[in-house]
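The next block holds one structure in the form of structure tokens; read it before the comments.
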Protein chains: 2
Amino acid sequence: MIQADFVAIVMGSFLPKTINRLIEEFSRLPGIGPKSAQRLTMHLLHSPESRVKELSDAVSKLKNGLQFCNICWNISENPQCGICADPRRNHNLICVVEEILDVVAIEKTQEYKGVYHVLHGALSPVEGIGPEQLKINALMNRLEKMDEESAGAGVGGIEIILATNPGLEGETTAMYLMRLLKIHGHKITRIARGLPVGGDLDYADELTLTKALEGRMEYS
Amino acid sequence: MIQADFVAIVMGSFLPKTINRLIEEFSRLPGIGPKSAQRLTMHLLHSPESRVKELSDAVSKLKNGLQFCNICWNISENPQCGICADPRRNHNLICVVEEILDVVAIEKTQEYKGVYHVLHGALSPVEGIGPEQLKINALMNRLEKMDEESAGAGVGGIEIILATNPGLEGETTAMYLMRLLKIHGHKITRIARGLPVGGDLDYADELTLTKALEGRMEYS
């Protein structure tokens, strides 16, 4: 760890070991540099013992009783998450997202009534993330199982919404999934890309504007 | 806690309790908003159990065996910190700083051979921090004790460097200490304010430039 070594050199022998150790641990977290790590540690040093204990407990108990939903790979306290176990949800409408927090973001709209599939990442050749690192096989198996069941029950009409992020990696992942899923004959859609609500046409980048024009809808 | 309530409302029932709890704890730390707290929690959720345990341990053991130095109020593993206990240090040169990290910053220069006094803050009427919240009484007692000892031993020649931050609160604190200490007849100095090394005169603010001009030194 370059950062940890850096902390050791910078802080050196000037501070007690337990302080240096926490600075090291904090600076290993994403988006927290050595300076922020110092500031956080000093804050805790001046906090009452009970607050420090609450944080340490919350960290150590984070994964207690947690597992991934065996249908959609969302995080859950049960083998099936609350969404997959909810009979009022439309289980033939599957929204494919990159991360757990994307599920939270969509749930907050209170508009979506389907279910999810969490990929746990996006394709990224640069970072060495290929299809096998994502929950893509799990998605294929899930769909095959649904096909078998609907063949018997005569339900059908599955729609898969590709809701990966509208960046390079998310688009690549969506494109990859689209090609892979096409052969199954399901309806495949992609979330709209366009101007954010409250956004300013003047300030939009060319790609967003292009997508906004391409995705224009007729007044009904 | 407004922030904790906010987290509870925003994240609501969409995530397991242990996750929401850690997001809450993280967002109580300074400089970490709900979004960063989410990101940090998700990072730990995807980290191996051992990394999570290391962080939790480092937090819980932060204050183990730590105390404040009973001379300078720096943090220490012993009743006296390494600097105060070091006979090679000049104990008649006392640098008064706001925080423990200021000691670390000055020690890194490897140029300062005196000792310190950590105030643990700066005067701030807005935040309700008066002299009694800082280690100012401890400094007065320390100096009185030194005066008594030096009267017997005939040492004397104490210099007090006021090295509080060059902002509003630090300047106020320095001014307050200067007036308080003057009556003791010790030499009192203030760290230089001026252009930072590598800085650009063009980009310096008016106050810094004024201080740089006021503090100009003759070539010797």
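For the structure tokens, the naming scheme is as follows: chains receive sequential letters (A, B, ...) according to their order of presentation, residues are indexed from 1 within each chain, and ligands are indexed from 1 in presentation order.
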
Which residues of chain A sit at most 7 Å from chain B, using only C-alpha atoms? Give each one's shortest atom pair and distance in Å (one decimal place), in chain and ascending residue order, as a Markdown table.
| residue | atom | partner | partner_atom | distance |
| --- | --- | --- | --- | --- |
| A:Phe14 | CA | B:Val104 | CA | 6.0 |
| A:Pro16 | CA | B:Ser76 | CA | 6.4 |
| A:Thr18 | CA | B:Leu62 | CA | 5.1 |
| A:Ile19 | CA | B:Leu62 | CA | 5.9 |
| A:Arg21 | CA | B:Ala58 | CA | 6.2 |
| A:Leu22 | CA | B:Ala58 | CA | 5.1 |
| A:Glu25 | CA | B:Leu55 | CA | 5.7 |
| A:Leu29 | CA | B:Leu40 | CA | 6.8 |
| A:Pro30 | CA | B:Leu40 | CA | 6.8 |
| A:Leu40 | CA | B:Leu29 | CA | 6.8 |
| A:Leu45 | CA | B:Lys63 | CA | 6.9 |
| A:Val52 | CA | B:Ser60 | CA | 6.6 |
| A:Lys53 | CA | B:Ser60 | CA | 6.0 |
| A:Leu55 | CA | B:Glu25 | CA | 5.7 |
| A:Ser56 | CA | B:Ser56 | CA | 4.6 |
| A:Ala58 | CA | B:Leu22 | CA | 5.1 |
| A:Val59 | CA | B:Ser56 | CA | 5.5 |
| A:Ser60 | CA | B:Ser56 | CA | 5.4 |
| A:Lys61 | CA | B:Thr18 | CA | 6.6 |
| A:Leu62 | CA | B:Thr18 | CA | 5.1 |
| A:Lys63 | CA | B:Leu45 | CA | 6.9 |
| A:Ser76 | CA | B:Pro16 | CA | 6.3 |
| A:Glu77 | CA | B:Pro16 | CA | 6.4 |
| A:Val104 | CA | B:Phe14 | CA | 6.0 |

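Counting only C-alpha atoms, A:Leu177 has the following residues at most 10 Å away, ignoring those fewer than 2 positions along the same chain: Val96, Pro131, Ile136, Leu139, Met140, Ile160, Leu162, Glu171, Thr172, Thr173, Ala174, Met175, Arg179, Leu180, Leu181, Lys182 and Ile188 of chain A.
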
>> Please identify the strand (DSSP E or B) residues within stretch 1-199 of chain A (assignment by DSSP from backbone atoms) and present them as a VMD selection string.
In response: chain A and resid 67 to 68 75 to 76 90 to 97 114 to 118 124 129 159 to 162 187 to 190

Keeping only N, CA and C atoms, write those residues as a PDB file, in the first residue's frame.
ATOM      1  N   GLN A  67     -26.566 -11.010   3.475  1.00  0.00           N
ATOM      2  CA  GLN A  67     -26.231 -11.894   2.367  1.00  0.00           C
ATOM      3  C   GLN A  67     -26.764 -11.258   1.095  1.00  0.00           C
ATOM      4  N   PHE A  68     -26.377 -11.833  -0.036  1.00  0.00           N
ATOM      5  CA  PHE A  68     -26.936 -11.341  -1.288  1.00  0.00           C
ATOM      6  C   PHE A  68     -28.200 -12.126  -1.599  1.00  0.00           C
ATOM      7  N   ILE A  75     -28.430  -6.626  -1.706  1.00  0.00           N
ATOM      8  CA  ILE A  75     -28.040  -7.015  -0.359  1.00  0.00           C
ATOM      9  C   ILE A  75     -29.317  -7.237   0.451  1.00  0.00           C
ATOM     10  N   SER A  76     -29.280  -8.183   1.382  1.00  0.00           N
ATOM     11  CA  SER A  76     -30.520  -8.585   2.042  1.00  0.00           C
ATOM     12  C   SER A  76     -30.250  -9.247   3.378  1.00  0.00           C
ATOM     13  N   ASN A  90     -44.045  -6.410  -9.976  1.00  0.00           N
ATOM     14  CA  ASN A  90     -44.117  -7.052 -11.291  1.00  0.00           C
ATOM     15  C   ASN A  90     -42.806  -7.792 -11.548  1.00  0.00           C
ATOM     16  N   HIS A  91     -42.841  -9.116 -11.411  1.00  0.00           N
ATOM     17  CA  HIS A  91     -41.615  -9.899 -11.513  1.00  0.00           C
ATOM     18  C   HIS A  91     -41.205 -10.161 -12.961  1.00  0.00           C
ATOM     19  N   ASN A  92     -42.003  -9.696 -13.906  1.00  0.00           N
ATOM     20  CA  ASN A  92     -41.632  -9.823 -15.316  1.00  0.00           C
ATOM     21  C   ASN A  92     -40.954  -8.559 -15.845  1.00  0.00           C
ATOM     22  N   LEU A  93     -40.767  -7.581 -14.954  1.00  0.00           N
ATOM     23  CA  LEU A  93     -40.099  -6.335 -15.332  1.00  0.00           C
ATOM     24  C   LEU A  93     -38.803  -6.269 -14.517  1.00  0.00           C
ATOM     25  N   ILE A  94     -37.678  -6.473 -15.179  1.00  0.00           N
ATOM     26  CA  ILE A  94     -36.400  -6.569 -14.470  1.00  0.00           C
ATOM     27  C   ILE A  94     -35.499  -5.392 -14.835  1.00  0.00           C
ATOM     28  N   CYS A  95     -35.134  -4.618 -13.826  1.00  0.00           N
ATOM     29  CA  CYS A  95     -34.262  -3.478 -14.048  1.00  0.00           C
ATOM     30  C   CYS A  95     -32.827  -3.874 -13.692  1.00  0.00           C
ATOM     31  N   VAL A  96     -31.943  -3.880 -14.675  1.00  0.00           N
ATOM     32  CA  VAL A  96     -30.557  -4.292 -14.459  1.00  0.00           C
ATOM     33  C   VAL A  96     -29.716  -3.067 -14.089  1.00  0.00           C
ATOM     34  N   VAL A  97     -29.106  -3.073 -12.892  1.00  0.00           N
ATOM     35  CA  VAL A  97     -28.299  -1.933 -12.435  1.00  0.00           C
ATOM     36  C   VAL A  97     -26.894  -2.395 -12.064  1.00  0.00           C
ATOM     37  N   GLY A 114     -41.332  -2.799 -10.697  1.00  0.00           N
ATOM     38  CA  GLY A 114     -40.761  -4.073 -11.101  1.00  0.00           C
ATOM     39  C   GLY A 114     -39.744  -4.576 -10.099  1.00  0.00           C
ATOM     40  N   VAL A 115     -38.882  -5.498 -10.542  1.00  0.00           N
ATOM     41  CA  VAL A 115     -37.812  -6.022  -9.689  1.00  0.00           C
ATOM     42  C   VAL A 115     -36.458  -5.634 -10.296  1.00  0.00           C
ATOM     43  N   TYR A 116     -35.361  -6.099  -9.670  1.00  0.00           N
ATOM     44  CA  TYR A 116     -34.023  -5.667 -10.084  1.00  0.00           C
ATOM     45  C   TYR A 116     -33.105  -6.836 -10.388  1.00  0.00           C
ATOM     46  N   HIS A 117     -31.973  -6.502 -10.980  1.00  0.00           N
ATOM     47  CA  HIS A 117     -30.836  -7.422 -11.016  1.00  0.00           C
ATOM     48  C   HIS A 117     -29.566  -6.592 -10.854  1.00  0.00           C
ATOM     49  N   VAL A 118     -28.816  -6.860  -9.786  1.00  0.00           N
ATOM     50  CA  VAL A 118     -27.614  -6.068  -9.493  1.00  0.00           C
ATOM     51  C   VAL A 118     -26.385  -6.769 -10.070  1.00  0.00           C
ATOM     52  N   SER A 124     -15.147  -3.316 -17.670  1.00  0.00           N
ATOM     53  CA  SER A 124     -14.076  -2.345 -17.754  1.00  0.00           C
ATOM     54  C   SER A 124     -12.770  -3.046 -18.089  1.00  0.00           C
ATOM     55  N   ILE A 129     -12.132  -5.917 -15.591  1.00  0.00           N
ATOM     56  CA  ILE A 129     -13.430  -6.468 -15.197  1.00  0.00           C
ATOM     57  C   ILE A 129     -14.166  -6.952 -16.439  1.00  0.00           C
ATOM     58  N   GLU A 159     -39.873  -7.866 -19.696  1.00  0.00           N
ATOM     59  CA  GLU A 159     -39.120  -6.702 -20.179  1.00  0.00           C
ATOM     60  C   GLU A 159     -37.879  -6.531 -19.315  1.00  0.00           C
ATOM     61  N   ILE A 160     -36.742  -6.297 -19.962  1.00  0.00           N
ATOM     62  CA  ILE A 160     -35.499  -6.068 -19.235  1.00  0.00           C
ATOM     63  C   ILE A 160     -35.049  -4.632 -19.491  1.00  0.00           C
ATOM     64  N   ILE A 161     -35.024  -3.822 -18.423  1.00  0.00           N
ATOM     65  CA  ILE A 161     -34.589  -2.432 -18.541  1.00  0.00           C
ATOM     66  C   ILE A 161     -33.094  -2.372 -18.217  1.00  0.00           C
ATOM     67  N   LEU A 162     -32.287  -1.943 -19.146  1.00  0.00           N
ATOM     68  CA  LEU A 162     -30.857  -1.813 -18.876  1.00  0.00           C
ATOM     69  C   LEU A 162     -30.616  -0.427 -18.282  1.00  0.00           C
ATOM     70  N   LYS A 187     -38.221  -8.336 -24.504  1.00  0.00           N
ATOM     71  CA  LYS A 187     -38.189  -6.900 -24.764  1.00  0.00           C
ATOM     72  C   LYS A 187     -37.031  -6.301 -23.964  1.00  0.00           C
ATOM     73  N   ILE A 188     -36.157  -5.584 -24.632  1.00  0.00           N
ATOM     74  CA  ILE A 188     -35.013  -4.986 -23.948  1.00  0.00           C
ATOM     75  C   ILE A 188     -35.064  -3.482 -24.135  1.00  0.00           C
ATOM     76  N   THR A 189     -35.019  -2.730 -23.033  1.00  0.00           N
ATOM     77  CA  THR A 189     -35.041  -1.265 -23.138  1.00  0.00           C
ATOM     78  C   THR A 189     -33.835  -0.678 -22.419  1.00  0.00           C
ATOM     79  N   ARG A 190     -33.545   0.578 -22.740  1.00  0.00           N
ATOM     80  CA  ARG A 190     -32.437   1.286 -22.094  1.00  0.00           C
ATOM     81  C   ARG A 190     -33.030   2.544 -21.474  1.00  0.00           C
TER      82      ARG A 190
END

> Could you write out, as JSON, numbers by chain, all the residues of stretch 54-93 of chain B that DSSP marks as helix (DSSP H, G or I)?
Replying inline: {"B": [54, 55, 56, 57, 58, 59, 60]}
